[in-house]
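Heads up: the structure comes next, in C-alpha cells.
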Amino acid sequence: MKIRHLLFVVIVFALALSACAPKASAPEACETDAFGCAVIPEGDTIKIGMGAPMLGDYGMFGIDISQGVEVALTQDDGFEGWSYELIAEDTGGAPEAGAAVANKMVTDPTVVAIAGHIFSGSTAAAMPIYEKAGFPMMSPSATLPELTEKGSAVFNRLAFTDATQAKFAAQLLFESLGVTKLGVMHDGTSYGQGLADGVAGFFTELGGEVVASEAITPGEVDYIAPLSSIAAKGPEAIYYGGYAAEAIVMANQWEQAGLAGVTLFGCDGTYGVEFTDKAGPNAEGSIAVSLVPPASPEKDAFDEAYRTAYGMEAGELSAFSWSAYDTGAVLIAAIEKVAIVGDDGSLYVPRGAVVDAVRNTDYEGLTGLVKCDDTGECNASGPTFYIVENGEWVPYIP
Amino acid sequence: MSEQKTTREQSSLNVSKLIRWIAGILLLALVGWRVYQTAFIEGGYGPDTWMRFIIAGLVIGGMYSLIAIGYTLVYGILFMINFAHGEVMMLGAFGGYFMFELFAFIKAPTASDPNMNFLNAYPLVSVLLAFIVGAVISATAGFLLERIAYRPLRKAPRLVPLISAIGASIFLQNAAQLLFGPQRRQYINPDVLWRGTGWSIPVGDTTVLLTYTGTLSLVLSALLMIGLFYIVQKTKLGRSMRAVAENKQAAALMGIDVDAVIGKTFIISGILAGSAGVMWGIHNGLFNHYVGFLPGIKAFTAAVLGGIGNIPGAMMGGMLLGILESVGPAALGLDFQLKDVIAFSILILVLIFRPSGLLGEALSEEKV
C-alpha cells in the first residue's frame with residue numbers, strides 16, 4: 001500500500017516537472033501576458049481559425065471567404081520560417097455550431113487568430129469563448145450592430161454595420177433618387193429585417209412615405225404574389241433587405257408583377273456577380289451596396305491570384321472575397337508585430353498582445369483604410385453604392 | 001349493458017362532432033368576413049393584381065400536383081411516404097439543365113447567324129429532349145430508390161421504410177451537392193422561351209403578363225395528368241396497379257407480378273417528378289441540390305389535402321395549395337411571409353373535418 005502511495009507521488013511530481021519544463025524557455029512576454037502564449041513548434045504552421053458555413057444553402061459564403069483569406073496567407077512569405085495555415089470549420093451559419101467551433105479552436109495552441117466568424121449569429125455565440133481565451137477576431141462579414149456594442153476587446157470587423165448602411169441607403173433614396181413613396185421588403189432574417197426596418201425609419205424621418213411593407217420566405221423561387229401585392233400600392237422604388245438568391249428571383253419577376261419602371265434597391269447581401277449573371281437584363285438599373293473595392297493594381301493582382309488558385313473569379317461566390325483577403329492580411333501583420341522566436345526553436349505569440357495589435361491596426365487594404373475604433377469597427381471607408389449598367393455593377397455617383 | 005355503452009359513446013361522439021362543426025362554421029364566417037373586408041372595404045388590390053396572384057398560383061400548383069401524384073401513387077400501393085420523392089425531382093432538374101447546357105454548347109450555324117447554337121436553332125426539340133432526359137433520369141432514380149432502399153424492407157414494420165426514405169433523401173441531396181457543387185445554377189432558356197416574356201392580357205387600364213414558361217408548365221402538367229389518368233384507368237398496367245393497391249396477396253394470386261408493378265409505379269412517379277423538375281427550372285430558373293426539399297414537402301401536403309392514395313385528389317390538392325399560397329395572404333390582408341402558415345392551417349382544418357382528405361375515402365381496417 002505504501003509503495004503505491006509513493007509511486008503516485010513520484011508520478012505526480014514527474015508530471016508537474018514535465019509541465020514546467022517548456023515554460024522555462026518561454027520568452028518573458030508570455031509570462032506577463034494575461035492570456036499566455038500561442039506556441040507553434042518548429043515545422044508546424046501558424047494557424048488562423050475560421051467558423052463559416054462551408055456546406056449547405058450558404059456554403060458559397062464560407063467557401064469564398066476562406067479562399068480569400070487563403071490567398072492572403074499563401075501570398076505571405078511566412079514569418080522566420082513559419083508559414084500560415086487556415087483552419088475553416090463548418091458552422092452552417094448556426095449559432096450553436098459557432099460556439100462549438102470556437103470551443104474547438106481555443107483548445108489548439110497553434111491557433112493564433114480568428115478570421116470571422118462569418119454570420120452574425122454564429123459570431124455572437126463564439127465571441128465570449130474567444131474573449132475568455134484571448135483570441136483576436138476580425139470578421140469580414142458579420143454586420144449585426146450589437147456585436148460591437150458589447151464592449152468586446154477581441155472582436156473587430158471589416159464589415160460596416162447594418163444601421164450605417166440603412167442610413168446611407170435611405171439618404172440616397174430620398175435625396176439623390178428623389179423617391180417619395182417607398183416599398184420595403186425583407187426576407188424575415190434578423191439581417192434583412194433589421195436593414196429594411198432601418199431604412200423605413202430613416203426614410204420616414206427624412207420626410208418620405210413608406211407605402212408598403214412585405215416579408216417573404218427565403219429560399220423560394222416564386223415571389224410574384226408578394227411583389228404584385230406591393231405593386232398595387234404604387235411605390236416608386238422598393239428597398240429589399242436580404243440575399244442575392246431571392247433578389248435574383250424578384251428581379252426576374254419584376255415585370256410580371258407589374259413593377260416595370262420601379263427601382264430595386266438592394267443591400268450588401270444582394271450585391272454580387274451572381275445577381276447580374278442570373279438576372280441578366282432584368283437587373284438593369286438595380287442598386288446595391290458593396291464592399292467590393294474600386295479597381296486598383298492591387299485588386300487586379302488579387303483577382304489574378306484568386307483565379308489561378310481556384311479557377312473562378314473573385315466575387316463569383318460572394319462579395320466578400322476582397323474583405324476576406326484584407327482580413328487575412330491584417331491578421332498576419334498583427335501576428336508578425338508581436339511574435340517571438342523562443343530559445344527552444346518554437347514560435348511564441350503572446351495572445352493579449354495580438355489582441356491589442358489587431359485592434360490598433362492601421363492598414364491600407366484593398367477595400368480601403370482598415371483602422372479600428374474603440375469598439376472594433378474597422379471599416380473606415382464606409383459603404384459604396386453600385387448600380388447595374390449594361391450588365392455590370394458600376395459605382396453609383398449621385 | 002353493451003347496448004347502453006354503445007349509445008353513450010354515440011352521443012358523446014355526436015356532441016363533440018356538433019362542437020367541431022359549430023367551431024368550423026364560426027371560423028369560416030370569421031375568415032369570410034376578413035376576406036370581404038380586404039377585398040371590398042379596404043380595396044387594396046385591383047383585378048389585375050388578383051389575376052397575377054391566381055396565375056402564379058396555378059403555375060406553381062401544376063408542379064405541386066405532378067409531384068403530389070408521385071406521393072399518392074406510392075402511398076396507394078405501398079402505404080409508405082416516399083420522402084425522397086423531392087430529391088427525385090431535383091435530379092430531373094439537373095438532367096434538364098445539363099441538356100440545355102449541352103445544346104447551348106453545340107453549334108448549329110444557320111444562313112442568317114453563323115454563331116447560332118442548337119438551343120436557339122431548334123428550341124422545340126431542345127425543350128422536348130430536356131424534358132425526356134429529365135424524366136428518364138428521375139424515373140431511373142425512382143426505380144433504383146425502390147430497389148435499393150425500399151424493396152429489402154418491404155416486410156419490415158411500416159416505420160422502417162419511412163426512416164429509410166428520409167435517409168435516402170439526405171443521401172441524394174448531399175450526393176448531388178458533392179457531384180454538382182453547392183452553387184445555385186440557372187437554366188439558360190432558348191430565346192423564344194425567355195423567362196419574363198409572354199402575352200400581355202389587358203385588364204382594366206393595365207396589362208397582366210402571362211408568361212410563355214408558365215403557360216408551358218401549366219399545359220404540360222395538364223397533359224401529363226391526363227396521360228396518367230389514361231394509364232391508370234384504361235391500360236393493363238393501370239389495372240394491375242389498382243389491383244395491387246387493393247390487395248397485394250390477391251393480386252399475386254391472380255398472376256400479377258407485384259414487384260414489377262411496384263417498380264413501374266416508381267418509374268411513373270419518377271417521370272412526373274422529373275418533368276416537374278425541368279418545368280421548375282424552365283419557369284423559375286434558379287435551382288441547386290436543395291430544390292426538391294420544399295416542393296417535396298408542399299406536394300406531400302397537397303397529396304394529404306386531396307386525400308392521400310387518391311390520384312384526382314392529389315391533382316386537386318396541388319392546384320388548391322398553389323392558389324391558396326398566392327391568394328391566401330392577400331385575401332386575409334397578411335404578410336406573404338405567412339403563406340405557409342395559411343396553407344398549413346387549411347391543411348389542419350381540412351384534416352379535422354375530413355380526416356381522409358378532400359377526395360379521400362376512409363380506408364378499411366384490412367387495407368391499413
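Following the order of the C-alpha cells, chains are lettered A, B, ..., residues in each are numbered from 1, and ligands are numbered from 1.
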Determine, using only C-alpha atoms, which residues of chain A have any atom at most 6 Å from an atom of chain B, and tabulate each with its shortest atom pair and distance in Å to one decimal place, rows ordered by chain and then rising number, as CSV.
residue,atom,partner,partner_atom,distance
A:Glu214,CA,B:Asp335,CA,5.7
A:Ala215,CA,B:Gln337,CA,5.0
A:Ile216,CA,B:Gln337,CA,4.3
A:Thr217,CA,B:Gln337,CA,5.1
A:Val221,CA,B:Asn284,CA,5.8
A:Ala225,CA,B:Phe53,CA,5.1
A:Pro226,CA,B:Phe336,CA,5.8
A:Ser228,CA,B:Thr49,CA,5.8
A:Ala232,CA,B:Tyr45,CA,5.8
A:Gln256,CA,B:Leu209,CA,5.3
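Using only C-alpha atoms, the protein and nucleic acid residues lying no more than 10 Å from Ala380 in chain A, apart from those fewer than 3 places from it along its own chain, are A:Leu158, A:Ala159, A:Phe160, A:Asp362, A:Thr367, A:Gly368, A:Leu369, A:Val370, A:Lys371, A:Cys372, A:Asp373, A:Glu377, A:Pro383.
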(message) Let's see if you can do this: from backbone DSSP, list all strand (DSSP E or B) residues in range 172-295 of chain B, as JSON, numbers by chain.
(response) {"B": [185, 186, 198, 199, 200, 201, 202, 203, 206, 207, 208, 209, 210, 211, 286, 287]}
(request) Write out as a VMD selection string all residues of range 53-244 of chain B that DSSP puts in helix (DSSP H, G or I) for this structure's backbone. (result) chain B and resid 53 to 78 85 to 105 118 to 121 123 to 153 159 to 180 191 to 193 212 to 234 236 to 244
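CA of Leu264 in chain A is found 10.7 Å from CA of Gly241 in chain A.
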(message) Which residues are near Ser176 in chain A? Cut-off 6 Å, only C-alpha atoms, ignore same chain within fewer than 2 positions. Put them as a list in words.
(response) Leu172, Gly178 and Pro398 of chain A
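By only C-alpha atoms, and with residues fewer than 3 positions from Tyr310 in chain A along its chain excluded, the set lying at most 10 Å from it is Asp64, Gln67, Val71, Ala305, Tyr306, Arg307, Glu313 and Ala314 of chain A.
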Go ahead and save the picked residues with C-alpha atoms, as a CSV table (one decimal), in the first residue's frame.
chain,number,residue,atom,x,y,z
A,64,ASP,CA,-15.4,32.3,-50.9
A,67,GLN,CA,-10.5,31.2,-50.3
A,71,VAL,CA,-4.9,33.8,-50.9
A,305,ALA,CA,-4.1,35.1,-57.7
A,306,TYR,CA,-7.6,34.1,-56.8
A,307,ARG,CA,-8.3,33.0,-60.4
A,313,GLU,CA,-13.4,34.8,-60.4
A,314,ALA,CA,-13.1,36.7,-57.1
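Interatomic distance, CA of Ala68 in chain B to CA of His85 in chain B: 9.2 Å.
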(message) For Gly151 in chain A, find every residue with an atom within 12 Å (counting only C-alpha atoms), except residues of its own chain fewer than 2 positions away, and show them as a list in words.
(response) Met127, Pro128, Glu131, Glu146, Leu147, Thr148, Glu149, Ala153, Val154, Phe155, Asn156, Asp373, Asp374, Thr375, Gly376 and Glu377 of chain A
Quick one: residues within 7 Å of range 235-251 of chain B, only C-alpha atoms, excluding same-chain residues fewer than 3 positions away - as a CSV table (one decimal) with C-alpha atoms, in the first residue's frame?
chain,number,residue,atom,x,y,z
B,76,GLY,CA,-51.6,3.9,-52.6
B,77,ILE,CA,-49.5,0.8,-53.4
B,231,ILE,CA,-52.7,4.8,-68.0
B,232,VAL,CA,-54.3,4.1,-64.6
B,254,MET,CA,-54.3,-13.6,-59.9
B,255,GLY,CA,-50.9,-13.8,-61.6
B,256,ILE,CA,-49.8,-10.2,-61.3
B,258,VAL,CA,-46.3,-7.4,-57.7
B,261,VAL,CA,-45.9,-3.4,-60.8
(request) Find the spatial neighbours of Ala273 in chain B, counting only C-alpha atoms, within a cut-off of 10 Å - ignore same-chain residues fewer than 5 positions away - and output them as a PyMOL selection string. (result) chain B and resi 63-71+85-93+134-135+138-139+142+267-268+278-279+292+296
Since we have the selection now, will you write its residues out, keeping N, CA and C atoms, as a PDB file, in the first residue's frame?
ATOM      1  N   MET B  63     -47.119  22.245 -60.775  1.00  0.00           N
ATOM      2  CA  MET B  63     -45.916  21.485 -60.419  1.00  0.00           C
ATOM      3  C   MET B  63     -46.143  20.701 -59.126  1.00  0.00           C
ATOM      4  N   TYR B  64     -46.779  21.333 -58.153  1.00  0.00           N
ATOM      5  CA  TYR B  64     -47.098  20.618 -56.920  1.00  0.00           C
ATOM      6  C   TYR B  64     -47.910  19.365 -57.237  1.00  0.00           C
ATOM      7  N   SER B  65     -48.889  19.516 -58.129  1.00  0.00           N
ATOM      8  CA  SER B  65     -49.757  18.389 -58.452  1.00  0.00           C
ATOM      9  C   SER B  65     -48.943  17.219 -58.992  1.00  0.00           C
ATOM     10  N   LEU B  66     -48.027  17.523 -59.945  1.00  0.00           N
ATOM     11  CA  LEU B  66     -47.243  16.449 -60.555  1.00  0.00           C
ATOM     12  C   LEU B  66     -46.453  15.691 -59.500  1.00  0.00           C
ATOM     13  N   ILE B  67     -45.853  16.446 -58.574  1.00  0.00           N
ATOM     14  CA  ILE B  67     -45.052  15.779 -57.544  1.00  0.00           C
ATOM     15  C   ILE B  67     -45.975  15.044 -56.576  1.00  0.00           C
ATOM     16  N   ALA B  68     -47.114  15.678 -56.264  1.00  0.00           N
ATOM     17  CA  ALA B  68     -48.043  15.070 -55.306  1.00  0.00           C
ATOM     18  C   ALA B  68     -48.552  13.721 -55.808  1.00  0.00           C
ATOM     19  N   ILE B  69     -48.730  13.613 -57.128  1.00  0.00           N
ATOM     20  CA  ILE B  69     -49.195  12.341 -57.675  1.00  0.00           C
ATOM     21  C   ILE B  69     -48.207  11.227 -57.349  1.00  0.00           C
ATOM     22  N   GLY B  70     -46.896  11.581 -57.398  1.00  0.00           N
ATOM     23  CA  GLY B  70     -45.874  10.588 -57.072  1.00  0.00           C
ATOM     24  C   GLY B  70     -46.046  10.067 -55.650  1.00  0.00           C
ATOM     25  N   TYR B  71     -46.300  10.974 -54.711  1.00  0.00           N
ATOM     26  CA  TYR B  71     -46.510  10.556 -53.318  1.00  0.00           C
ATOM     27  C   TYR B  71     -47.723   9.648 -53.220  1.00  0.00           C
ATOM     28  N   HIS B  85     -38.916  11.657 -52.590  1.00  0.00           N
ATOM     29  CA  HIS B  85     -39.503  11.998 -53.874  1.00  0.00           C
ATOM     30  C   HIS B  85     -39.084  13.396 -54.350  1.00  0.00           C
ATOM     31  N   GLY B  86     -38.948  14.332 -53.422  1.00  0.00           N
ATOM     32  CA  GLY B  86     -38.481  15.679 -53.777  1.00  0.00           C
ATOM     33  C   GLY B  86     -37.099  15.630 -54.408  1.00  0.00           C
ATOM     34  N   GLU B  87     -36.270  14.711 -53.921  1.00  0.00           N
ATOM     35  CA  GLU B  87     -34.911  14.606 -54.458  1.00  0.00           C
ATOM     36  C   GLU B  87     -34.931  13.985 -55.854  1.00  0.00           C
ATOM     37  N   VAL B  88     -35.906  13.123 -56.095  1.00  0.00           N
ATOM     38  CA  VAL B  88     -36.068  12.570 -57.441  1.00  0.00           C
ATOM     39  C   VAL B  88     -36.353  13.724 -58.415  1.00  0.00           C
ATOM     40  N   MET B  89     -37.187  14.659 -57.978  1.00  0.00           N
ATOM     41  CA  MET B  89     -37.486  15.834 -58.794  1.00  0.00           C
ATOM     42  C   MET B  89     -36.220  16.672 -59.010  1.00  0.00           C
ATOM     43  N   MET B  90     -35.415  16.816 -57.970  1.00  0.00           N
ATOM     44  CA  MET B  90     -34.183  17.596 -58.067  1.00  0.00           C
ATOM     45  C   MET B  90     -33.257  17.013 -59.130  1.00  0.00           C
ATOM     46  N   LEU B  91     -33.149  15.668 -59.164  1.00  0.00           N
ATOM     47  CA  LEU B  91     -32.283  15.050 -60.169  1.00  0.00           C
ATOM     48  C   LEU B  91     -32.798  15.340 -61.566  1.00  0.00           C
ATOM     49  N   GLY B  92     -34.126  15.363 -61.734  1.00  0.00           N
ATOM     50  CA  GLY B  92     -34.705  15.719 -63.029  1.00  0.00           C
ATOM     51  C   GLY B  92     -34.331  17.134 -63.436  1.00  0.00           C
ATOM     52  N   ALA B  93     -34.360  18.051 -62.461  1.00  0.00           N
ATOM     53  CA  ALA B  93     -33.999  19.439 -62.749  1.00  0.00           C
ATOM     54  C   ALA B  93     -32.559  19.520 -63.232  1.00  0.00           C
ATOM     55  N   GLY B 134     -34.725  14.656 -68.463  1.00  0.00           N
ATOM     56  CA  GLY B 134     -35.056  14.877 -67.051  1.00  0.00           C
ATOM     57  C   GLY B 134     -35.955  13.781 -66.526  1.00  0.00           C
ATOM     58  N   ALA B 135     -36.969  13.426 -67.321  1.00  0.00           N
ATOM     59  CA  ALA B 135     -37.919  12.400 -66.890  1.00  0.00           C
ATOM     60  C   ALA B 135     -37.232  11.042 -66.782  1.00  0.00           C
ATOM     61  N   SER B 138     -35.006  10.929 -63.663  1.00  0.00           N
ATOM     62  CA  SER B 138     -35.810  10.807 -62.445  1.00  0.00           C
ATOM     63  C   SER B 138     -36.455   9.436 -62.348  1.00  0.00           C
ATOM     64  N   ALA B 139     -36.902   8.904 -63.486  1.00  0.00           N
ATOM     65  CA  ALA B 139     -37.526   7.583 -63.469  1.00  0.00           C
ATOM     66  C   ALA B 139     -36.515   6.536 -63.017  1.00  0.00           C
ATOM     67  N   GLY B 142     -35.962   6.937 -59.346  1.00  0.00           N
ATOM     68  CA  GLY B 142     -37.085   6.403 -58.583  1.00  0.00           C
ATOM     69  C   GLY B 142     -37.039   4.885 -58.528  1.00  0.00           C
ATOM     70  N   ILE B 267     -41.380   4.167 -61.453  1.00  0.00           N
ATOM     71  CA  ILE B 267     -40.931   4.772 -62.704  1.00  0.00           C
ATOM     72  C   ILE B 267     -41.905   5.867 -63.136  1.00  0.00           C
ATOM     73  N   ILE B 268     -43.204   5.578 -63.043  1.00  0.00           N
ATOM     74  CA  ILE B 268     -44.194   6.578 -63.449  1.00  0.00           C
ATOM     75  C   ILE B 268     -44.109   7.816 -62.566  1.00  0.00           C
ATOM     76  N   VAL B 278     -37.886  19.731 -64.456  1.00  0.00           N
ATOM     77  CA  VAL B 278     -37.467  20.507 -65.629  1.00  0.00           C
ATOM     78  C   VAL B 278     -38.345  21.755 -65.768  1.00  0.00           C
ATOM     79  N   MET B 279     -39.647  21.602 -65.514  1.00  0.00           N
ATOM     80  CA  MET B 279     -40.554  22.753 -65.541  1.00  0.00           C
ATOM     81  C   MET B 279     -40.116  23.811 -64.552  1.00  0.00           C
ATOM     82  N   GLY B 292     -35.413  20.236 -54.359  1.00  0.00           N
ATOM     83  CA  GLY B 292     -36.508  19.296 -54.199  1.00  0.00           C
ATOM     84  C   GLY B 292     -37.164  19.319 -52.838  1.00  0.00           C
ATOM     85  N   GLY B 296     -41.119  19.195 -52.345  1.00  0.00           N
ATOM     86  CA  GLY B 296     -41.435  17.847 -51.879  1.00  0.00           C
ATOM     87  C   GLY B 296     -42.394  17.896 -50.699  1.00  0.00           C
TER      88      GLY B 296
END
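Closest approach to Ile342 in chain B from the set B:Ile282, B:Val31, B:Leu18, B:Leu128 is made by B:Val31, with distances taken over only C-alpha atoms.
Taking CA of Tyr212 in chain B and CA of Ala237 in chain A as endpoints, the distance between them is 27.2 Å.
Minimum atom-to-atom distances from B:Leu332, B:Ala108, B:Leu30, B:Ile22 to Pro123 in chain B were compared using only C-alpha atoms, and the lowest value belongs to B:Ala108.
Distance check against Ala299 in chain B using only C-alpha atoms: of B:Ile81, B:Met116, B:Leu102, B:Leu124, the minimum falls on B:Ile81.
Comparing the minimum interatomic distances between Met137 in chain A and each of A:Thr110, A:Thr161, A:Thr123, A:Thr308, counting only C-alpha atoms, we find that A:Thr123 sits nearest.
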